[in-house]
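So this block is input.txt, compact mmCIF, C-alpha atoms:
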```txt
# COMPACT_ATOMS: atom_id res chain seq x y z
CA MET A 1 265.17 84.09 191.33
CA ARG A 2 262.55 83.57 188.67
CA PHE A 3 261.66 80.38 186.87
CA ALA A 4 260.52 80.12 183.27
CA GLY A 5 256.88 80.99 182.88
CA GLN A 6 256.66 82.76 186.26
CA LYS A 7 254.77 86.04 186.07
CA HIS A 8 255.96 89.38 187.39
CA THR A 9 254.46 90.82 190.50
CA TYR A 10 252.29 93.92 190.42
CA LEU A 11 254.99 96.05 192.08
CA GLU A 12 257.63 94.90 189.60
CA LEU A 13 255.39 95.80 186.65
CA LYS A 14 254.51 99.16 188.19
CA SER A 15 258.19 99.91 188.83
CA PHE A 16 259.10 98.92 185.25
CA LYS A 17 256.30 101.10 183.83
CA THR A 18 257.35 104.10 185.97
CA ASN A 19 261.04 103.76 185.04
CA ASN A 20 260.17 103.44 181.35
CA GLN A 21 257.92 106.52 181.49
CA THR A 22 260.66 108.47 183.27
CA ARG A 23 263.22 107.51 180.61
CA ILE A 24 260.85 108.56 177.82
CA LYS A 25 260.04 111.84 179.58
CA ASN A 26 263.74 112.61 180.17
CA LYS A 27 264.60 111.87 176.54
CA PHE A 28 261.74 114.10 175.37
CA MET A 29 262.88 116.95 177.62
CA ARG A 30 266.50 116.66 176.41
CA ASN A 31 265.34 116.77 172.79
CA LEU A 32 263.03 119.70 173.48
CA PHE A 33 265.84 121.59 175.22
CA SER A 34 268.20 120.93 172.28
CA VAL A 35 265.64 122.15 169.74
CA LEU A 36 264.90 125.30 171.75
CA THR A 37 268.61 126.03 172.24
CA LEU A 38 269.31 125.68 168.51
CA THR A 39 266.29 127.82 167.63
CA VAL A 40 267.27 130.63 170.00
CA SER A 41 270.91 130.49 168.86
CA GLY A 42 269.91 130.62 165.21
CA LEU A 43 267.52 133.49 165.79
CA ALA A 44 270.20 135.43 167.68
CA MET A 45 272.67 134.96 164.82
CA VAL A 46 270.15 136.09 162.22
CA LEU A 47 269.10 139.15 164.20
CA SER A 48 272.67 140.19 164.96
CA SER A 49 273.63 140.00 161.29
CA CYS A 50 270.61 142.03 160.13
CA SER A 51 271.38 145.69 160.34
CA ASN A 52 269.53 148.27 158.29
CA GLY A 53 271.80 151.28 158.73
CA PRO A 54 274.65 152.42 156.53
CA GLY A 55 277.89 150.49 156.56
CA PRO A 56 279.41 147.27 155.30
CA GLY A 57 277.33 144.20 154.58
CA GLY A 58 275.48 145.14 151.41
CA LYS A 59 276.03 145.06 147.67
CA ALA A 60 276.24 148.76 146.77
CA THR A 61 279.42 150.58 145.70
CA ILE A 62 280.60 154.18 145.94
CA THR A 63 283.37 155.21 143.56
CA GLY A 64 285.05 158.41 142.39
CA LYS A 65 288.39 160.09 141.70
CA ILE A 66 290.77 162.41 143.52
CA TYR A 67 291.80 165.40 141.38
CA VAL A 68 294.81 167.50 142.41
CA GLN A 69 295.40 171.18 141.75
CA ASP A 70 299.07 171.87 142.37
CA TYR A 71 300.06 174.96 144.40
CA ASN A 72 303.50 176.31 145.25
CA ALA A 73 304.77 177.32 148.72
CA LEU A 74 303.28 180.82 148.27
CA CYS A 75 299.79 179.36 147.68
CA VAL A 76 299.85 180.24 144.01
CA ALA A 77 298.38 177.73 141.56
CA THR A 78 301.08 176.27 139.32
CA GLY A 79 298.58 175.22 136.67
CA VAL A 80 299.51 171.56 137.07
CA GLU A 81 296.43 169.39 137.58
CA TYR A 82 296.12 165.59 137.61
CA TYR A 83 294.33 162.59 139.08
CA LYS A 84 296.24 161.52 142.19
CA PRO A 85 297.43 157.91 142.57
CA ASP A 86 297.98 156.36 146.02
CA GLU A 87 295.96 159.03 147.87
CA GLU A 88 294.06 158.06 151.04
CA VAL A 89 290.27 158.41 150.87
CA TYR A 90 287.95 157.90 153.85
CA ILE A 91 284.27 157.05 154.30
CA ILE A 92 282.00 157.77 157.27
CA PHE A 93 278.96 155.51 157.74
CA GLY A 94 275.86 157.54 158.59
CA ASP A 95 276.41 159.95 161.47
CA ASP A 96 279.41 158.14 162.97
CA ALA A 97 282.02 160.35 164.62
CA SER A 98 285.00 158.85 162.78
CA TYR A 99 285.67 157.11 159.50
CA GLY A 100 284.62 153.51 159.00
CA GLU A 101 286.98 152.57 156.19
CA ARG A 102 290.04 153.94 154.40
CA VAL A 103 291.21 153.06 150.89
CA ARG A 104 293.94 154.29 148.55
CA THR A 105 293.38 155.49 145.02
CA GLY A 106 294.57 153.44 142.08
CA PRO A 107 297.04 154.57 139.39
CA ASP A 108 294.34 156.70 137.72
CA GLY A 109 293.17 158.36 140.96
CA THR A 110 290.09 156.14 141.34
CA TYR A 111 288.85 154.99 144.74
CA MET A 112 286.12 152.46 145.50
CA PHE A 113 284.14 151.52 148.60
CA GLN A 114 282.35 148.22 148.05
CA TYR A 115 279.78 146.06 149.83
CA LEU A 116 277.76 148.91 151.33
CA ARG A 117 274.16 148.92 152.52
CA PRO A 118 271.75 151.71 151.60
CA GLY A 119 272.13 154.81 153.77
CA LYS A 120 273.95 158.11 154.19
CA TYR A 121 277.72 158.26 153.63
CA THR A 122 280.36 160.97 153.75
CA VAL A 123 283.45 160.46 151.59
CA TYR A 124 286.48 162.69 152.08
CA ALA A 125 290.15 163.25 151.35
CA TYR A 126 292.62 165.71 152.84
CA SER A 127 293.74 168.84 151.01
CA ASP A 128 296.74 171.01 151.86
CA VAL A 129 295.90 174.48 153.14
CA CYS A 130 297.93 177.63 152.64
CA PRO A 131 300.10 178.45 155.68
CA ILE A 132 298.25 181.75 156.17
CA THR A 133 295.28 179.97 157.82
CA GLY A 134 297.44 178.17 160.38
CA ALA A 135 296.05 174.73 159.50
CA SER A 136 298.09 172.35 157.37
CA VAL A 137 295.25 170.23 155.95
CA GLU A 138 291.48 170.28 155.67
CA ALA A 139 288.97 167.61 154.71
CA VAL A 140 287.20 167.98 151.38
CA THR A 141 283.92 166.10 151.81
CA GLN A 142 281.04 164.81 149.73
CA THR A 143 277.88 163.44 151.31
CA ILE A 144 275.78 160.92 149.43
CA GLU A 145 272.63 158.90 150.09
CA VAL A 146 272.82 155.37 148.68
CA THR A 147 269.28 154.18 147.90
CA ASP A 148 269.88 151.24 145.56
CA LYS A 149 270.83 147.99 147.30
CA LYS A 150 273.03 146.77 144.43
CA GLY A 151 273.94 149.88 142.46
CA THR A 152 277.11 151.87 141.98
CA VAL A 153 277.16 155.56 142.88
CA VAL A 154 279.79 157.60 141.02
CA LEU A 155 280.70 160.76 142.92
CA PRO A 156 282.03 163.92 141.27
CA ASP A 157 285.80 164.39 141.55
CA ILE A 158 287.08 165.38 144.98
CA VAL A 159 289.38 168.32 144.21
CA VAL A 160 292.32 168.77 146.59
CA LYS A 161 295.27 171.16 146.71
CA LYS A 162 298.79 169.77 147.00
```
Now, as a test, write the supplied structure out as structure tokens.
Amino acid sequence: MRFAGQKHTYLELKSFKTNNQTRIKNKFMRNLFSVLTLTVSGLAMVLSSCSNGPGPGGKATITGKIYVQDYNALCVATGVEYYKPDEEVYIIFGDDASYGERVRTGPDGTYMFQYLRPGKYTVYAYSDVCPITGASVEAVTQTIEVTDKKGTVVLPDIVVKK
């Protein structure tokens, strides 16, 4: 028990000083750990979202139209030609083995792939093939290199047989 005005002993002061230093050191280490964790997490998020190859994540656009040449069952052109609404169009990003996105053409036969980064792309649609070859469809492709980060690339019509 301590009376008013009584001084602390040397050991009590030393113990108080050591405990206080330990608390300050622990608080500093917790803060340092928190800052490092947030920094590493933020850096990981930034690096994972930065990709320089072709694909989604940019501001460029590729657009074009699907044009149909009508053929009869004997593979003879009927002379009917038109821009095809509701036709599936595919895009391959770079050298990927399969398509990365599929869209359908609008009422006027227009398709659009948006939000692309610069890089190499292959756009294609399927065309009917005459029965003589044994295959029923073949891909009609167009390869394009997008160089402008924000621009729109308009491809020539993709002509398919139906």
A:Val123, A:Gly57, A:Lys149, A:Ile158: which is nearest Val103 of chain A, counting all atoms listed in the file?
A:Val123
Segment 94-118 of chain A residues near segment 59-77 of chain A within 12 Å, closest pair each, using only C-alpha atoms, as JSON lines:
```
{"residue": "A:Val103", "atom": "CA", "partner": "A:Thr63", "partner_atom": "CA", "distance": 10.9}
{"residue": "A:Arg104", "atom": "CA", "partner": "A:Ile66", "partner_atom": "CA", "distance": 10.1}
{"residue": "A:Thr105", "atom": "CA", "partner": "A:Ile66", "partner_atom": "CA", "distance": 7.5}
{"residue": "A:Gly106", "atom": "CA", "partner": "A:Lys65", "partner_atom": "CA", "distance": 9.1}
{"residue": "A:Pro107", "atom": "CA", "partner": "A:Lys65", "partner_atom": "CA", "distance": 10.5}
{"residue": "A:Asp108", "atom": "CA", "partner": "A:Lys65", "partner_atom": "CA", "distance": 7.9}
{"residue": "A:Gly109", "atom": "CA", "partner": "A:Lys65", "partner_atom": "CA", "distance": 5.1}
{"residue": "A:Thr110", "atom": "CA", "partner": "A:Lys65", "partner_atom": "CA", "distance": 4.3}
{"residue": "A:Tyr111", "atom": "CA", "partner": "A:Thr63", "partner_atom": "CA", "distance": 5.6}
{"residue": "A:Met112", "atom": "CA", "partner": "A:Thr63", "partner_atom": "CA", "distance": 4.3}
{"residue": "A:Phe113", "atom": "CA", "partner": "A:Ile62", "partner_atom": "CA", "distance": 5.2}
{"residue": "A:Gln114", "atom": "CA", "partner": "A:Thr61", "partner_atom": "CA", "distance": 4.4}
{"residue": "A:Tyr115", "atom": "CA", "partner": "A:Lys59", "partner_atom": "CA", "distance": 4.4}
{"residue": "A:Leu116", "atom": "CA", "partner": "A:Ala60", "partner_atom": "CA", "distance": 4.8}
{"residue": "A:Arg117", "atom": "CA", "partner": "A:Ala60", "partner_atom": "CA", "distance": 6.1}
{"residue": "A:Pro118", "atom": "CA", "partner": "A:Ala60", "partner_atom": "CA", "distance": 7.2}
```
Between atom CA of Leu155 of chain A and atom CA of Gln142 of chain A, what is the distance, to one decimal in Å?
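So the answer is 7.9 Å.
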Give as a list of chain:residue names the set of residues within 7 Å of the point (295.3, 159.8, 148.6), where distances use the file's coordinates and only C-alpha atoms.
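Collected hits near the coordinates: A:Lys84, A:Pro85, A:Asp86, A:Glu87, A:Glu88, A:Val89, A:Arg104, A:Thr105, A:Ala125.
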Write the residues of the preceding selection, restricted to C-alpha atoms, as a CSV table (one decimal), in the coordinates of the input.
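Output contents, as saved in again.csv:
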```
chain,number,residue,atom,x,y,z
A,84,LYS,CA,296.2,161.5,142.2
A,85,PRO,CA,297.4,157.9,142.6
A,86,ASP,CA,298.0,156.4,146.0
A,87,GLU,CA,296.0,159.0,147.9
A,88,GLU,CA,294.1,158.1,151.0
A,89,VAL,CA,290.3,158.4,150.9
A,104,ARG,CA,293.9,154.3,148.6
A,105,THR,CA,293.4,155.5,145.0
A,125,ALA,CA,290.2,163.2,151.4
```
Find the distance between atom CA of Ser136 of chain A and atom CA of Asp95 of chain A and write it in Å to one decimal.
25.3 Å
Counting all atoms listed in the file, which residues come within 8 Å of (276.4, 160.2, 154.0), with the point read in the file's coordinates, and could you list them as a count of residues only?
13
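Of the listed residues (A:Asn26, A:Tyr124, A:Gly58, A:Gln21), A:Gly58 comes nearest to Val146 of chain A; the distances count only C-alpha atoms.
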Centre and edge lengths of an axis-aligned box around all listed atoms of segment 52-59 of chain A, with 6 Å added on each side, are to be given in Å to one decimal, as lines of an AutoDock Vina configuration file.
```
center_x = 274.5
center_y = 148.3
center_z = 153.2
size_x = 21.9
size_y = 20.2
size_z = 23.1
```
Quick one, how far is atom CA of Gly79 of chain A from atom CA of Val129 of chain A?
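According to the coordinates, atom CA of Gly79 of chain A and atom CA of Val129 of chain A are separated by 16.7 Å.
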